[in-house]
Structure formats: C-alpha cells, structure tokens
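Notes follow the structure.
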Amino acid sequence: MVPNGPELVTIGPMVSVELERMEALELLGMTLAHLNDAEARGEVSPRVPLLMAIRNKLAVALREGS
C-alpha cells in the first residue's frame, strides 16, 4: 500500500473545545485559507498536517451537527 498524503501526527495532550456553529465555520474558513496559502507556496512544514487535522475534525463536527 502506498501512502496517500502526509503522515499522521500525534499531539498531546489533547484539548477539548466546544464551539458555536458560527465560530466553527469561521475557524474552518481560516484553516482552509492557511492551507490554501501553504499549498500555493509548496510549503511542507509541521503546521500543514496540524492544519489538516483541524480541518478534518471541524468538517466532521459540522456535518454531525447539521
């Protein structure tokens, strides 16, 4: 099997935060903007996998909340 994308990163300790739907959408928008910027510059830094993890968790939470 060939990996498709960056390796997963484990960060600890984990923090649990509850956001209102609007706050979650705003955070998702900011995260996507940073990821688009990193992609445009070809950036491969430690922040990219973290931003991707944040994006994924926000997207799942927003889908479950609708």
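Every chain in the structure tokens takes a letter, A first, then B, and so on in the order presented; its residues are numbered from 1, and the ligands are numbered from 1 following the presented order.
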Contact residues around Gly29 (chain A) with only C-alpha atoms at 12 Å, ignoring same-chain residues under 4 positions, as an mmCIF file with all heavy atoms, in the first residue's frame:
data_model
loop_
_atom_site.group_PDB
_atom_site.id
_atom_site.type_symbol
_atom_site.label_atom_id
_atom_site.label_comp_id
_atom_site.auth_asym_id
_atom_site.auth_seq_id
_atom_site.Cartn_x
_atom_site.Cartn_y
_atom_site.Cartn_z
ATOM 1 N N MET A 22 -21.272 28.977 14.302
ATOM 2 C CA MET A 22 -20.679 30.105 13.571
ATOM 3 C C MET A 22 -19.179 30.199 13.847
ATOM 4 O O MET A 22 -18.394 30.445 12.935
ATOM 5 C CB MET A 22 -21.392 31.407 13.953
ATOM 6 C CG MET A 22 -21.120 32.500 13.011
ATOM 7 S SD MET A 22 -21.641 31.927 11.377
ATOM 8 C CE MET A 22 -21.672 33.401 10.491
ATOM 9 N N GLU A 23 -18.787 29.990 15.086
ATOM 10 C CA GLU A 23 -17.365 30.020 15.429
ATOM 11 C C GLU A 23 -16.619 28.894 14.708
ATOM 12 O O GLU A 23 -15.503 29.096 14.227
ATOM 13 C CB GLU A 23 -17.177 29.870 16.941
ATOM 14 C CG GLU A 23 -17.669 31.044 17.746
ATOM 15 C CD GLU A 23 -17.655 30.760 19.237
ATOM 16 O OE1 GLU A 23 -17.950 29.609 19.641
ATOM 17 O OE2 GLU A 23 -17.368 31.695 19.983
ATOM 18 N N ALA A 24 -17.239 27.720 14.655
ATOM 19 C CA ALA A 24 -16.613 26.584 13.977
ATOM 20 C C ALA A 24 -16.454 26.871 12.484
ATOM 21 O O ALA A 24 -15.422 26.557 11.884
ATOM 22 C CB ALA A 24 -17.422 25.312 14.190
ATOM 23 N N LEU A 25 -17.472 27.489 11.875
ATOM 24 C CA LEU A 25 -17.383 27.844 10.453
ATOM 25 C C LEU A 25 -16.287 28.882 10.208
ATOM 26 O O LEU A 25 -15.553 28.796 9.222
ATOM 27 C CB LEU A 25 -18.735 28.359 9.954
ATOM 28 C CG LEU A 25 -19.819 27.300 9.792
ATOM 29 C CD1 LEU A 25 -21.178 27.957 9.550
ATOM 30 C CD2 LEU A 25 -19.478 26.332 8.674
ATOM 31 N N ALA A 33 -7.992 28.812 4.540
ATOM 32 C CA ALA A 33 -7.188 29.883 3.952
ATOM 33 C C ALA A 33 -5.700 29.631 4.172
ATOM 34 O O ALA A 33 -4.886 29.791 3.255
ATOM 35 C CB ALA A 33 -7.598 31.230 4.545
ATOM 36 N N HIS A 34 -5.329 29.203 5.372
ATOM 37 C CA HIS A 34 -3.918 28.913 5.659
ATOM 38 C C HIS A 34 -3.436 27.713 4.851
ATOM 39 O O HIS A 34 -2.299 27.702 4.360
ATOM 40 C CB HIS A 34 -3.710 28.669 7.153
ATOM 41 C CG HIS A 34 -3.708 29.914 7.966
ATOM 42 N ND1 HIS A 34 -2.710 30.852 7.908
ATOM 43 C CD2 HIS A 34 -4.602 30.388 8.866
ATOM 44 C CE1 HIS A 34 -2.964 31.836 8.733
ATOM 45 N NE2 HIS A 34 -4.121 31.585 9.319
ATOM 46 N N LEU A 35 -4.283 26.689 4.717
ATOM 47 C CA LEU A 35 -3.894 25.518 3.915
ATOM 48 C C LEU A 35 -3.734 25.884 2.441
ATOM 49 O O LEU A 35 -2.794 25.425 1.788
ATOM 50 C CB LEU A 35 -4.926 24.397 4.069
ATOM 51 C CG LEU A 35 -4.806 23.570 5.339
ATOM 52 C CD1 LEU A 35 -5.998 22.644 5.484
ATOM 53 C CD2 LEU A 35 -3.514 22.781 5.355
ATOM 54 N N ASN A 36 -4.635 26.696 1.917
ATOM 55 C CA ASN A 36 -4.519 27.130 0.519
ATOM 56 C C ASN A 36 -3.237 27.924 0.307
ATOM 57 O O ASN A 36 -2.551 27.756 -0.705
ATOM 58 C CB ASN A 36 -5.739 27.962 0.111
ATOM 59 C CG ASN A 36 -6.978 27.124 -0.045
ATOM 60 O OD1 ASN A 36 -6.912 25.915 -0.194
ATOM 61 N ND2 ASN A 36 -8.127 27.773 0.012
ATOM 62 N N LEU A 51 -2.868 21.638 10.575
ATOM 63 C CA LEU A 51 -3.996 22.343 9.960
ATOM 64 C C LEU A 51 -4.953 21.366 9.278
ATOM 65 O O LEU A 51 -6.175 21.539 9.338
ATOM 66 C CB LEU A 51 -3.496 23.370 8.952
ATOM 67 C CG LEU A 51 -2.831 24.615 9.547
ATOM 68 C CD1 LEU A 51 -2.154 25.430 8.454
ATOM 69 C CD2 LEU A 51 -3.840 25.462 10.301
ATOM 70 N N ILE A 54 -7.035 19.736 11.980
ATOM 71 C CA ILE A 54 -8.051 20.676 12.457
ATOM 72 C C ILE A 54 -9.186 20.765 11.445
ATOM 73 O O ILE A 54 -10.362 20.711 11.799
ATOM 74 C CB ILE A 54 -7.435 22.063 12.721
ATOM 75 C CG1 ILE A 54 -6.477 22.000 13.915
ATOM 76 C CG2 ILE A 54 -8.520 23.112 12.948
ATOM 77 C CD1 ILE A 54 -5.621 23.236 14.097
ATOM 78 N N ARG A 55 -8.833 20.894 10.171
ATOM 79 C CA ARG A 55 -9.842 20.970 9.104
ATOM 80 C C ARG A 55 -10.751 19.746 9.128
ATOM 81 O O ARG A 55 -11.975 19.856 9.078
ATOM 82 C CB ARG A 55 -9.143 21.068 7.750
ATOM 83 C CG ARG A 55 -10.109 21.057 6.567
ATOM 84 C CD ARG A 55 -9.446 20.630 5.290
ATOM 85 N NE ARG A 55 -8.882 19.289 5.411
ATOM 86 C CZ ARG A 55 -7.997 18.786 4.573
ATOM 87 N NH1 ARG A 55 -7.550 19.505 3.570
ATOM 88 N NH2 ARG A 55 -7.531 17.561 4.725
ATOM 89 N N LEU A 58 -13.066 19.679 12.265
ATOM 90 C CA LEU A 58 -14.129 20.678 12.143
ATOM 91 C C LEU A 58 -15.185 20.236 11.135
ATOM 92 O O LEU A 58 -16.384 20.382 11.377
ATOM 93 C CB LEU A 58 -13.549 22.036 11.739
ATOM 94 C CG LEU A 58 -12.827 22.811 12.836
ATOM 95 C CD1 LEU A 58 -12.068 23.983 12.233
ATOM 96 C CD2 LEU A 58 -13.795 23.282 13.894
ATOM 97 N N ALA A 59 -14.740 19.705 10.010
ATOM 98 C CA ALA A 59 -15.674 19.275 8.974
ATOM 99 C C ALA A 59 -16.584 18.156 9.479
ATOM 100 O O ALA A 59 -17.795 18.177 9.265
ATOM 101 C CB ALA A 59 -14.919 18.829 7.727
#
**Request:** Could you tell me how far CA of Met52 (chain A) lies from CA of Thr31 (chain A), in Å and to one decimal?
**Result:** 8.1 Å
**For CA of Glu18 (chain A) and CA of Ser45 (chain A), the interatomic separation in Å (one decimal)** =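 The value is 27.4 Å.
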**Message:** One number please: CA of Val44 (chain A) to CA of Asn56 (chain A), in Å, one decimal.
**Reply:**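 Value for the CA of Val44 (chain A)-CA of Asn56 (chain A) distance: 18.0 Å.
Distance annotation: of A:Leu62, A:Leu27, A:Leu19, A:Leu32, the residue with the minimal separation from Val48 (chain A) is A:Leu32; atom set is only C-alpha atoms.
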